[in-house]
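Next up, input_4.cif (mmCIF, C-alpha atoms):
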data_data
loop_
_atom_site.label_atom_id
_atom_site.label_comp_id
_atom_site.auth_asym_id
_atom_site.auth_seq_id
_atom_site.Cartn_x
_atom_site.Cartn_y
_atom_site.Cartn_z
CA MET A 1 0.00 0.00 0.00
CA ASN A 2 1.36 3.42 -1.01
CA ILE A 3 0.36 6.02 1.59
CA LEU A 4 0.72 9.77 1.20
CA ILE A 5 0.83 11.77 4.44
CA THR A 6 0.43 15.53 4.04
CA GLY A 7 1.81 17.71 6.83
CA ALA A 8 3.87 14.91 8.38
CA ALA A 9 6.67 17.29 9.39
CA GLY A 10 4.16 18.73 11.86
CA TYR A 11 3.01 17.56 15.27
CA ILE A 12 0.19 15.06 14.75
CA GLY A 13 1.18 14.02 11.23
CA SER A 14 4.69 13.08 12.39
CA HIS A 15 3.36 10.81 15.15
CA VAL A 16 1.12 9.03 12.63
CA ALA A 17 4.07 8.72 10.23
CA LYS A 18 6.17 7.28 13.07
CA GLN A 19 3.67 4.49 13.72
CA LEU A 20 3.25 3.72 10.04
CA LEU A 21 7.03 3.61 9.54
CA GLU A 22 7.35 1.20 12.47
CA SER A 23 5.13 -1.14 10.48
CA THR A 24 6.76 -2.60 7.38
CA LYS A 25 3.61 -3.17 5.32
CA TYR A 26 3.28 0.38 4.00
CA ASN A 27 5.31 2.46 1.54
CA ILE A 28 5.30 5.98 2.99
CA PHE A 29 5.38 9.24 1.03
CA ILE A 30 5.46 12.52 2.95
CA LEU A 31 4.38 15.83 1.44
CA ASP A 32 5.04 19.03 3.42
CA ASN A 33 5.91 22.64 2.57
CA LEU A 34 7.88 23.03 5.86
CA SER A 35 6.12 26.33 6.62
CA THR A 36 5.55 25.23 10.22
CA GLY A 37 6.83 21.65 10.12
CA SER A 38 10.35 20.70 11.11
CA ILE A 39 13.02 19.16 8.91
CA GLU A 40 14.58 17.82 12.12
CA THR A 41 11.39 15.84 12.72
CA LEU A 42 11.65 14.30 9.26
CA ASN A 43 15.31 13.44 9.88
CA THR A 44 14.30 11.66 13.09
CA LEU A 45 11.60 9.72 11.24
CA LYS A 46 14.26 8.62 8.73
CA THR A 47 16.05 6.78 11.55
CA ILE A 48 13.01 4.51 11.90
CA ARG A 49 12.70 3.60 8.23
CA ASP A 50 13.22 5.31 4.91
CA PHE A 51 10.43 7.14 3.09
CA LYS A 52 10.12 9.51 0.15
CA PHE A 53 9.86 13.20 1.07
CA ILE A 54 8.30 15.68 -1.34
CA GLU A 55 8.69 19.35 -0.37
CA LEU A 56 5.64 20.90 -1.94
CA ASP A 57 2.79 23.28 -1.15
CA LEU A 58 -0.71 21.92 -1.71
CA LYS A 59 -1.62 25.09 -3.60
CA GLU A 60 0.51 23.82 -6.50
CA PHE A 61 -2.39 21.79 -7.83
CA ASP A 62 -0.78 20.30 -10.94
CA LYS A 63 2.31 19.17 -9.03
CA VAL A 64 0.15 17.57 -6.32
CA ASN A 65 -1.74 15.65 -8.98
CA ALA A 66 1.55 14.49 -10.52
CA VAL A 67 2.79 13.25 -7.13
CA LEU A 68 -0.31 11.08 -6.69
CA LYS A 69 -0.05 9.73 -10.21
CA GLU A 70 3.71 9.08 -10.31
CA ASN A 71 3.79 7.32 -6.93
CA LYS A 72 0.61 5.28 -7.46
CA ILE A 73 -0.82 6.51 -4.16
CA ASN A 74 -3.89 4.62 -2.94
CA THR A 75 -4.39 6.11 0.56
CA ILE A 76 -4.11 9.73 1.75
CA LEU A 77 -3.83 10.88 5.36
CA HIS A 78 -4.33 14.64 5.29
CA PHE A 79 -2.90 16.77 8.13
CA ALA A 80 -1.57 19.84 6.29
CA ALA A 81 -3.52 22.87 7.54
CA SER A 82 -3.33 26.20 9.32
CA ILE A 83 -4.44 25.71 12.91
CA VAL A 84 -4.18 28.92 15.00
CA VAL A 85 -7.69 30.05 15.96
CA PRO A 86 -6.96 33.76 16.69
CA GLU A 87 -5.03 34.03 13.41
CA SER A 88 -8.02 32.57 11.58
CA VAL A 89 -10.15 35.43 12.90
CA GLU A 90 -7.58 38.02 11.81
CA ASN A 91 -6.84 36.40 8.45
CA PRO A 92 -9.82 34.25 7.44
CA LEU A 93 -8.87 34.06 3.76
CA LYS A 94 -5.62 32.29 4.65
CA TYR A 95 -7.65 29.60 6.41
CA TYR A 96 -10.31 29.16 3.75
CA ILE A 97 -7.66 28.97 1.03
CA ASN A 98 -5.09 26.81 2.83
CA ASN A 99 -7.55 24.55 4.63
CA THR A 100 -10.66 24.34 2.46
CA VAL A 101 -9.56 25.18 -1.09
CA ASN A 102 -6.35 23.13 -0.92
CA THR A 103 -8.19 20.21 0.66
CA THR A 104 -10.84 20.38 -2.05
CA ASN A 105 -8.18 20.18 -4.74
CA LEU A 106 -6.45 17.29 -2.96
CA ILE A 107 -9.78 15.42 -2.95
CA LYS A 108 -10.28 16.22 -6.65
CA CYS A 109 -6.81 14.81 -7.40
CA ALA A 110 -7.58 11.74 -5.28
CA VAL A 111 -10.74 11.01 -7.27
CA GLU A 112 -8.97 11.55 -10.60
CA ASN A 113 -6.29 9.06 -9.55
CA ASN A 114 -8.75 6.46 -8.21
CA ILE A 115 -7.53 6.81 -4.62
CA SER A 116 -9.98 4.89 -2.48
CA LYS A 117 -9.10 5.93 1.09
CA PHE A 118 -9.00 9.46 2.50
CA ILE A 119 -8.39 10.02 6.23
CA PHE A 120 -8.94 13.59 7.35
CA SER A 121 -7.73 15.58 10.33
CA SER A 122 -10.69 17.63 11.57
CA THR A 123 -11.43 19.21 14.93
CA ALA A 124 -13.89 19.56 17.79
CA ALA A 125 -13.93 23.25 16.84
CA THR A 126 -16.60 22.21 14.30
CA TYR A 127 -19.01 21.94 17.27
CA GLY A 128 -18.46 25.59 18.16
CA GLU A 129 -19.48 26.74 21.61
CA PRO A 130 -21.67 23.92 22.97
CA THR A 131 -24.58 24.72 25.24
CA ASN A 132 -26.45 22.19 27.37
CA LEU A 133 -23.48 19.82 27.21
CA PRO A 134 -24.70 16.23 27.65
CA LYS A 135 -23.31 14.40 30.71
CA SER A 136 -21.83 11.75 28.41
CA GLY A 137 -20.09 14.45 26.35
CA ILE A 138 -20.54 15.57 22.75
CA ASP A 139 -21.20 12.76 20.30
CA GLU A 140 -20.87 12.89 16.53
CA THR A 141 -24.54 13.83 16.06
CA TYR A 142 -24.20 17.01 18.15
CA PRO A 143 -24.99 20.07 15.99
CA THR A 144 -21.99 21.65 14.30
CA ASN A 145 -21.79 25.42 14.65
CA PRO A 146 -18.21 26.73 14.37
CA ILE A 147 -17.54 30.14 15.90
CA ASN A 148 -14.31 30.95 14.04
CA PRO A 149 -12.91 30.58 10.50
CA TYR A 150 -10.60 27.75 11.56
CA GLY A 151 -13.51 25.56 12.70
CA MET A 152 -15.60 26.57 9.69
CA SER A 153 -12.78 25.82 7.24
CA LYS A 154 -12.56 22.30 8.66
CA LEU A 155 -16.33 21.79 8.62
CA MET A 156 -16.50 22.94 4.99
CA SER A 157 -13.75 20.43 4.14
CA GLU A 158 -15.74 17.71 5.89
CA ARG A 159 -18.72 18.52 3.69
CA VAL A 160 -16.62 18.40 0.52
CA ILE A 161 -15.34 14.97 1.55
CA GLN A 162 -18.83 13.66 2.32
CA ASP A 163 -20.38 14.98 -0.90
CA THR A 164 -17.50 13.60 -2.95
CA ALA A 165 -18.00 10.15 -1.43
CA LEU A 166 -21.72 10.26 -2.24
CA ALA A 167 -20.94 10.95 -5.88
CA ASN A 168 -18.00 8.51 -6.07
CA PRO A 169 -18.71 5.13 -4.41
CA ASN A 170 -15.04 4.08 -4.72
CA PHE A 171 -13.95 7.05 -2.58
CA LYS A 172 -14.17 6.26 1.16
CA TYR A 173 -13.22 8.40 4.12
CA VAL A 174 -12.71 8.57 7.85
CA ILE A 175 -12.96 12.01 9.47
CA PHE A 176 -11.53 12.45 12.96
CA ARG A 177 -12.70 15.35 15.11
CA TYR A 178 -9.86 15.91 17.56
CA PHE A 179 -10.32 17.22 21.05
CA ASN A 180 -7.22 18.56 22.90
CA VAL A 181 -4.17 16.72 21.58
CA ALA A 182 -1.11 16.79 23.82
CA GLY A 183 2.04 14.95 24.87
CA ALA A 184 4.95 13.56 22.87
CA ASP A 185 6.31 10.29 21.50
CA ILE A 186 6.23 7.53 24.13
CA ASN A 187 9.70 6.10 23.74
CA PHE A 188 11.74 4.54 26.53
CA ASN A 189 15.53 4.38 26.53
CA ASP A 190 16.87 2.31 29.44
CA LYS A 191 13.46 2.72 31.10
CA ILE A 192 13.75 6.52 30.81
CA LEU A 193 11.03 8.34 28.87
CA THR A 194 12.88 9.91 25.92
CA PRO A 195 10.56 11.31 23.23
CA ARG A 196 12.07 11.36 19.74
CA ILE A 197 9.50 13.74 18.31
CA GLY A 198 7.02 16.17 19.82
CA GLN A 199 5.28 19.50 19.40
CA SER A 200 7.63 21.95 17.67
CA PHE A 201 4.97 24.32 16.31
CA PRO A 202 6.20 27.94 16.67
CA ASN A 203 4.39 30.17 19.17
CA ALA A 204 2.26 27.33 20.47
CA THR A 205 -1.09 28.14 22.06
CA HIS A 206 -1.90 24.76 23.65
CA LEU A 207 -2.12 24.64 27.44
CA ILE A 208 0.08 21.59 28.10
CA LYS A 209 2.75 22.83 25.68
CA ILE A 210 2.79 26.24 27.39
CA ALA A 211 2.90 24.67 30.87
CA SER A 212 5.82 22.47 29.81
CA GLU A 213 7.65 25.55 28.51
CA CYS A 214 7.16 27.14 31.92
CA ALA A 215 8.43 24.00 33.68
CA THR A 216 11.60 24.09 31.56
CA LYS A 217 12.04 27.85 32.20
CA LYS A 218 11.55 28.75 28.55
CA ARG A 219 8.68 30.95 29.71
CA GLU A 220 8.67 33.04 32.85
CA LYS A 221 4.95 32.65 33.48
CA MET A 222 1.60 31.70 31.99
CA ALA A 223 -2.01 32.77 32.36
CA ILE A 224 -5.34 31.14 33.13
CA PHE A 225 -8.03 32.78 31.02
CA GLY A 226 -11.03 32.96 33.31
CA GLU A 227 -11.74 31.34 36.68
CA ASP A 228 -15.45 32.08 36.84
CA PHE A 229 -16.74 29.26 34.62
CA PRO A 230 -19.48 26.97 36.02
CA THR A 231 -16.96 24.11 36.52
CA ILE A 232 -15.41 22.26 39.45
CA ASP A 233 -12.83 24.99 40.13
CA GLY A 234 -14.00 27.83 37.89
CA THR A 235 -11.55 27.14 35.07
CA GLY A 236 -12.29 25.66 31.66
CA VAL A 237 -12.51 21.88 31.34
CA ARG A 238 -11.14 20.06 28.29
CA ASP A 239 -10.74 16.51 27.03
CA TYR A 240 -7.01 15.80 26.54
CA ILE A 241 -5.83 12.94 24.31
CA HIS A 242 -2.25 11.73 24.00
CA VAL A 243 -0.91 12.21 20.48
CA ASP A 244 0.22 8.56 20.21
CA ASP A 245 -3.30 7.32 20.98
CA LEU A 246 -4.64 9.67 18.33
CA ALA A 247 -2.04 8.39 15.87
CA ASP A 248 -3.08 4.81 16.62
CA ALA A 249 -6.67 5.68 15.64
CA HIS A 250 -5.44 6.87 12.24
CA VAL A 251 -3.49 3.67 11.66
CA LYS A 252 -6.60 1.66 12.56
CA ALA A 253 -8.67 3.74 10.13
CA ILE A 254 -6.68 2.40 7.16
CA ASP A 255 -7.74 -1.19 7.83
CA TYR A 256 -11.20 -0.07 8.98
CA LEU A 257 -12.00 1.27 5.51
CA GLU A 258 -11.23 -2.11 3.92
CA SER A 259 -14.53 -3.54 5.12
CA ASN A 260 -16.53 -0.66 6.60
CA SER A 261 -18.38 2.38 5.33
CA SER A 262 -17.11 5.94 5.55
CA ASP A 263 -17.70 7.64 8.90
CA ILE A 264 -16.92 10.48 11.31
CA PHE A 265 -15.39 9.82 14.73
CA ASN A 266 -14.67 11.92 17.79
CA ALA A 267 -11.12 11.43 19.06
CA GLY A 268 -10.89 12.02 22.79
CA TYR A 269 -10.89 10.16 26.09
CA GLY A 270 -14.44 11.04 27.11
CA LYS A 271 -13.45 12.87 30.30
CA GLY A 272 -12.18 16.31 31.15
CA TYR A 273 -9.60 18.08 33.26
CA SER A 274 -9.70 21.73 34.29
CA VAL A 275 -6.95 24.20 33.44
CA LYS A 276 -5.92 24.32 37.10
CA GLU A 277 -5.76 20.52 37.29
CA VAL A 278 -3.49 20.41 34.23
CA ILE A 279 -1.15 23.07 35.62
CA GLU A 280 -0.94 21.40 39.03
CA THR A 281 -0.26 18.03 37.37
CA MET A 282 2.55 19.56 35.30
CA LYS A 283 4.10 21.11 38.42
CA LYS A 284 3.84 17.84 40.32
CA VAL A 285 5.31 15.48 37.70
CA THR A 286 8.18 17.87 36.90
CA ASN A 287 8.80 18.93 40.51
CA THR A 288 8.81 22.57 39.44
CA ASN A 289 6.94 25.74 40.28
CA PHE A 290 6.18 28.68 38.02
CA GLN A 291 4.09 31.82 38.03
CA VAL A 292 0.48 31.52 36.91
CA ASP A 293 -1.55 34.70 36.46
CA ILE A 294 -5.31 35.03 36.20
CA ALA A 295 -6.56 36.82 33.09
CA PRO A 296 -10.07 37.57 31.79
CA ARG A 297 -11.98 34.97 29.79
CA ARG A 298 -11.29 34.82 26.07
CA ALA A 299 -14.21 35.34 23.71
CA GLY A 300 -15.66 32.05 22.52
CA ASP A 301 -14.11 29.81 25.18
CA PRO A 302 -16.77 27.31 26.30
CA ALA A 303 -16.81 26.22 29.94
CA ALA A 304 -16.36 22.55 29.06
CA LEU A 305 -15.65 20.55 25.94
CA ILE A 306 -15.65 16.78 26.41
CA SER A 307 -16.09 14.04 23.81
CA ASP A 308 -18.42 11.10 23.82
CA ASN A 309 -16.00 8.50 22.42
CA LYS A 310 -18.25 5.41 22.47
CA LYS A 311 -18.46 5.28 18.67
CA ILE A 312 -14.71 5.10 17.96
CA LYS A 313 -14.22 2.51 20.72
CA GLU A 314 -17.04 0.27 19.54
CA LYS A 315 -16.83 0.58 15.76
CA MET A 316 -13.06 0.86 15.35
CA ASN A 317 -12.10 -1.26 18.35
CA TRP A 318 -9.85 1.58 19.51
CA THR A 319 -8.43 1.24 23.02
CA PRO A 320 -6.35 4.11 24.39
CA LYS A 321 -2.99 3.17 25.94
CA TYR A 322 -1.96 6.51 27.44
CA ASP A 323 -5.10 7.80 29.14
CA ASP A 324 -3.13 9.33 32.01
CA LEU A 325 -2.80 13.09 32.49
CA ALA A 326 0.47 12.69 34.41
CA LEU A 327 2.02 10.71 31.54
CA ILE A 328 0.77 13.22 28.97
CA CYS A 329 2.36 16.06 30.97
CA GLN A 330 5.56 14.10 31.61
CA SER A 331 6.05 13.27 27.93
CA ALA A 332 5.42 16.90 26.90
CA PHE A 333 7.93 18.08 29.51
CA GLU A 334 10.62 15.57 28.52
CA TRP A 335 10.28 16.61 24.88
CA GLU A 336 10.49 20.29 25.82
CA ASN A 337 13.49 19.60 28.06
CA LYS A 338 15.21 17.82 25.17
#
Let me see the file written as structure tokens.
Amino acid sequence: MNILITGAAGYIGSHVAKQLLESTKYNIFILDNLSTGSIETLNTLKTIRDFKFIELDLKEFDKVNAVLKENKINTILHFAASIVVPESVENPLKYYINNTVNTTNLIKCAVENNISKFIFSSTAATYGEPTNLPKSGIDETYPTNPINPYGMSKLMSERVIQDTALANPNFKYVIFRYFNVAGADINFNDKILTPRIGQSFPNATHLIKIASECATKKREKMAIFGEDFPTIDGTGVRDYIHVDDLADAHVKAIDYLESNSSDIFNAGYGKGYSVKEVIETMKKVTNTNFQVDIAPRRAGDPAALISDNKKIKEKMNWTPKYDDLALICQSAFEWENK
């Protein structure tokens, strides 16, 4: 099987590439424009097993089509996207062009080249700002109502994928709606956790990444945005999933599409932790202390965002291995320390 992974020099794509490279049954092709991805990450992946790297921007439509044709690609895992929510508000056209237009062309090229499997990196941001959150969490039937261009660009891409599959029975997809992805490569060297790859995205905005930067003294302090939410301690509650568990779901999706219909799956653990709980866990596992300020709420931040993950567990037989906030924090810290 010839698999193309777009955006595999980035955070989530690289962890999926790692797991696919550790298996010997796939020929791996990586396409990335290195705008935010890291060449060092690709060099690390090369130490696992060789793959073909194509440095290319998805906006170069003809060249993308040629890559699919020349390499006889039959499965695409698509991670390449712009992902910073505040930037999407300031520069929406960048997000609609890079995320939706480029994805649409990639799908068009896939259909033209008879590619039968398309696995797409979407987001819980498609649900928007949930109200009346069910006790079991948000399931895949919960209404989608994005509140920013990032979430809308992903939802529009989802619709393009679904409509394309309706018109082309040979084209099958799995769409994953991620909740809060965190942590780094679970790799032990002499029983010591030593991540080989991790989150290298510049100017990261994710809580666990920021807390790990504080624990390693790369940042002097961090802020909690709002402590007056109707939650256990007043701070926002989120569903955190370790990046290696998320990667495992993508690997499973390849085989899943052999004998199952296209579908959409939430990717989360089905439980939440508050911002204060995450920060205290990071301080505890790293035996550090750092300044944490209280700032006003940010517009559009829901009080809680937790997945209902029954569907992915039952239909895809997905069993998380790293459902442990301490381990997620420890792995993020060890990567940051490295």
Requested in this report: Can you turn the PyMOL selection byres ((chain A and resi 186-201) around 8) into a concrete residue list for this file, as a ChimeraX atom specification?
Outcome: /A:10-11,14-15,36-38,41,44,183-185,202-204,209,244,331-332,334-335
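Using all atoms listed in the file, the nearest neighbour of A:Asp245 within the list A:Leu20, A:Ala182, A:Ala215, A:Leu257 is A:Ala182.
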Query raised in the report: Of the candidates A:Glu227, A:Phe118, A:Gln162, A:Pro143, which shows the shortest atom-to-atom distance to A:Pro296, using all atoms listed in the file?
Result: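 Selected residue with least distance to A:Pro296: A:Glu227.
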**Report entry** Distance of atom CA of A:Asp139 from atom CA of A:Lys321, expressed in Å to one decimal place
**Finding:**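 Between these atoms lies a distance of 21.3 Å.
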Query raised in the report: When the PyMOL selection byres ((chain A and resi 312) around 9) is applied to the file above, which residues end up in the set, as a list in words?
Result: Ala249, Ile264, Phe265, Asn266, Ala267, Asn309, Lys310, Lys311, Lys313, Glu314, Lys315, Met316, Asn317, Trp318 and Thr319 of chain A
Selection from above, C-alpha atoms, as a PDB file, in the frame of the given file, can you write it?
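Heads up, here's the output in selection.pdb:
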ATOM      1  CA  ALA A 249      -6.670   5.680  15.640  1.00  0.00           C
ATOM      2  CA  ILE A 264     -16.920  10.480  11.310  1.00  0.00           C
ATOM      3  CA  PHE A 265     -15.390   9.820  14.730  1.00  0.00           C
ATOM      4  CA  ASN A 266     -14.670  11.920  17.790  1.00  0.00           C
ATOM      5  CA  ALA A 267     -11.120  11.430  19.060  1.00  0.00           C
ATOM      6  CA  ASN A 309     -16.000   8.500  22.420  1.00  0.00           C
ATOM      7  CA  LYS A 310     -18.250   5.410  22.470  1.00  0.00           C
ATOM      8  CA  LYS A 311     -18.460   5.280  18.670  1.00  0.00           C
ATOM      9  CA  LYS A 313     -14.220   2.510  20.720  1.00  0.00           C
ATOM     10  CA  GLU A 314     -17.040   0.270  19.540  1.00  0.00           C
ATOM     11  CA  LYS A 315     -16.830   0.580  15.760  1.00  0.00           C
ATOM     12  CA  MET A 316     -13.060   0.860  15.350  1.00  0.00           C
ATOM     13  CA  ASN A 317     -12.100  -1.260  18.350  1.00  0.00           C
ATOM     14  CA  TRP A 318      -9.850   1.580  19.510  1.00  0.00           C
ATOM     15  CA  THR A 319      -8.430   1.240  23.020  1.00  0.00           C
TER      16      THR A 319
END
Query raised in the report: Any idea what the distance is between atom CA of A:Ser121 and atom CA of A:Pro92?
Result: 19.0 Å
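Minimum atom-to-atom distance to A:Ser122, evaluated using only C-alpha atoms, belongs to A:Met152 out of A:Met152, A:Leu93, A:Ile138, A:Ala110.
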**Report entry** Close residues, A:Asp324 itself excluded, 12 Å, only C-alpha atoms, min 2 positions apart in chain, as an MDAnalysis selection string
**Finding:** chainID A and resid 182:183 239:242 245 269 271:273 278 281 285 320:322 326:331
Query - Point-to-point distance from atom CA of A:Asn289 to atom CA of A:Thr216, Å rounded to tenths - result: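 Between atom CA of A:Asn289 and atom CA of A:Thr216 the gap works out to 10.0 Å.
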**Report entry** All residues 10 Å or closer to A:Thr288, only C-alpha atoms, same chain fewer than 2 positions away omitted, as a list in words
**Finding:**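 Answer for this query is Cys214, Ala215, Thr216, Lys217, Glu280, Met282, Lys283, Lys284, Val285, Thr286 and Phe290 of chain A.
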Query raised in the report: Between A:Gly270, A:Gly13, A:Pro302, A:Gly226, which has the minimum distance to A:Gly137 (counting all atoms listed in the file)?
Result: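 Ranking A:Gly270, A:Gly13, A:Pro302, A:Gly226 by distance to A:Gly137, first place goes to A:Gly270.
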Report task. List every protein, DNA or RNA residue that has an atom no more than 7 Å from (-4.3, 6.8, -11.1) in the file's coordinate frame, counting all atoms listed in the file, and report them as a ChimeraX atom specification. Result -> /A:69,72,112-114
Report task. Go through A:Ile224, A:Leu106, A:Ile97, A:Leu45 one by one, measure the shortest atom-to-atom distance of each to A:Val160 using all atoms listed in the file, and give the residue with the smallest value. Result ->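 Ranked by minimum distance to A:Val160, first place goes to A:Leu106.
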